[in-house]
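Shown next, in structure tokens, is the structure this report addresses.
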Amino acid sequence: MRKALVTGASRGIGEAVALQLQNEGYQVYTPTHVELDLEDAMSIDAFCKKYSDITFDVLVNNAGINDIHMVEDITEQEMLSMMHINLLAPIRLIRGTVPNMKKQQYGRIVNIGSIWGVAGKAGRTVYAATKHGIHGVTQTLAVELAPYNILINTICPGYTLTALTRKNNTEEQIQEISSCIPMGRMAEPEEQAKAICFLAGEGNTYITGQQITVDGGYTSL
Ligand code: NDP
């Protein structure tokens with residue numbers, strides 16, 4: 001049975017990904033915040049050590065946070081937290097899981113970026129830095145890992161109806177933004193999961209190093 005590790009699966013996009021992979025027959029590992037604190041390098045290293053006997057076929061680096069502030073109001077703490085959770089944790093998890101993928105000559109990794117790693121929006125300086133950064137990780141590792149049949153891609157979600165979106169937008173703002181999206185609505189988490197699970201699946205045999213935006217046409221305007 002193929003094994004998948006999905007971060008941030010307690011809700012939102014990660015939960016939808018974990019459910020879809022389960023429905024496709026994967027054994028899915030969805031560590032809680034307590035079992036795997038992505039802000040803490042020691043927690044990640046301990047997790048990788050604990051599961052070093054398991055070969056994950058799939059890694060979905062989904063967990064992410066987004067604190068929105070104009071540049072003069074950015075705090076040191078939020079800068080560090082976003083860097084750790086959104087950018088460094090995926091690298092640490094890949095570092096910990098790739099040796100076994102290499103041994104079995106198979107792996108599929110999907111990193112979750114954002115439309116704010118494709119286009120700019122005020123207040124997202126650090127978030128955008130992490131999301132641009134994660135695609136740099138994807139492109140570099142696509143080259144490094146292709147000889148081992150390990151494919152790695154970035155999915156950049158557009159506005160998706162999750163707790164994160166509801167934290168950063170009022171219901172009124174959600175309606176207003178939806179009217180600016182060519183599809184006329186925000187995405188459901190399951191719509192992001194479909195794209196993520198395709199790239200994470202055995203059906204993906206040749207796509208690697210790509211950044212695919214799933215935004216209902218928003219960044220095409
Ligand atoms: P949510 O806020 O709904 O969920 C975030 C998940 O990340 C939760 O499961 C949370 O766990 C987990 N998490 C946060 N911090 C940590 C940590 N320190 N250690 C372990 N787990 C942690 O996010 P979304 O589903 O909306 O977003 C998922 C991804 O998609 C993110 O990378 C986000 O940047 C990206 N994205 C989302 C968009 C959107 O519109 N929603 C748009 C563009 C990109 P817990 O419940 O324990 O806190």
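A note on labels: chains of the structure tokens are A, B, ... as shown, every chain counts residues from 1, and ligands are counted from 1 in their shown order.
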Taking only C-alpha atoms and all ligand atoms into account, report as an MDAnalysis selection string which residues have an atom no farther than 9 Å from an atom of ligand 1.
chainID A and resid 7:16 31:40 61:66 81:82 84:86 89 111:117 127 131 155:167 186:187 189 192 215
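Counting only C-alpha atoms, Ala129 of chain A has the following residues at most 9 Å away, ignoring those fewer than 4 positions along the same chain: Met83, Leu87, Trp116, Gly117, Arg124, Thr125, Gly133 and Ile134 of chain A.
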Write out the residues from the selection above, keeping N, CA, C and O atoms, as an mmCIF file, in the first residue's frame.
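What landed in result_24.cif:
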```
data_model
loop_
_atom_site.group_PDB
_atom_site.id
_atom_site.type_symbol
_atom_site.label_atom_id
_atom_site.label_comp_id
_atom_site.auth_asym_id
_atom_site.auth_seq_id
_atom_site.Cartn_x
_atom_site.Cartn_y
_atom_site.Cartn_z
ATOM 1 N N MET A 83 8.631 32.007 7.921
ATOM 2 C CA MET A 83 9.802 31.399 7.264
ATOM 3 C C MET A 83 9.936 29.935 7.690
ATOM 4 O O MET A 83 10.177 29.058 6.863
ATOM 5 N N LEU A 87 8.456 27.667 4.682
ATOM 6 C CA LEU A 87 9.609 27.440 3.792
ATOM 7 C C LEU A 87 10.622 26.434 4.335
ATOM 8 O O LEU A 87 10.998 25.489 3.638
ATOM 9 N N TRP A 116 -0.021 34.436 -4.224
ATOM 10 C CA TRP A 116 0.860 35.547 -3.810
ATOM 11 C C TRP A 116 2.331 35.175 -3.980
ATOM 12 O O TRP A 116 3.221 35.929 -3.604
ATOM 13 N N GLY A 117 2.581 34.030 -4.548
ATOM 14 C CA GLY A 117 3.916 33.674 -5.031
ATOM 15 C C GLY A 117 3.951 33.798 -6.556
ATOM 16 O O GLY A 117 4.921 33.415 -7.205
ATOM 17 N N ARG A 124 1.566 41.304 2.038
ATOM 18 C CA ARG A 124 2.000 39.881 2.011
ATOM 19 C C ARG A 124 3.513 39.745 1.812
ATOM 20 O O ARG A 124 3.971 38.753 1.244
ATOM 21 N N THR A 125 4.308 40.695 2.270
ATOM 22 C CA THR A 125 5.747 40.667 1.973
ATOM 23 C C THR A 125 6.400 39.346 2.380
ATOM 24 O O THR A 125 7.054 38.685 1.571
ATOM 25 N N GLY A 133 9.861 31.391 -2.462
ATOM 26 C CA GLY A 133 10.970 30.526 -2.050
ATOM 27 C C GLY A 133 10.652 29.054 -2.241
ATOM 28 O O GLY A 133 11.496 28.285 -2.694
ATOM 29 N N ILE A 134 9.435 28.682 -1.921
ATOM 30 C CA ILE A 134 9.100 27.252 -1.992
ATOM 31 C C ILE A 134 9.166 26.765 -3.438
ATOM 32 O O ILE A 134 9.536 25.617 -3.699
#
```
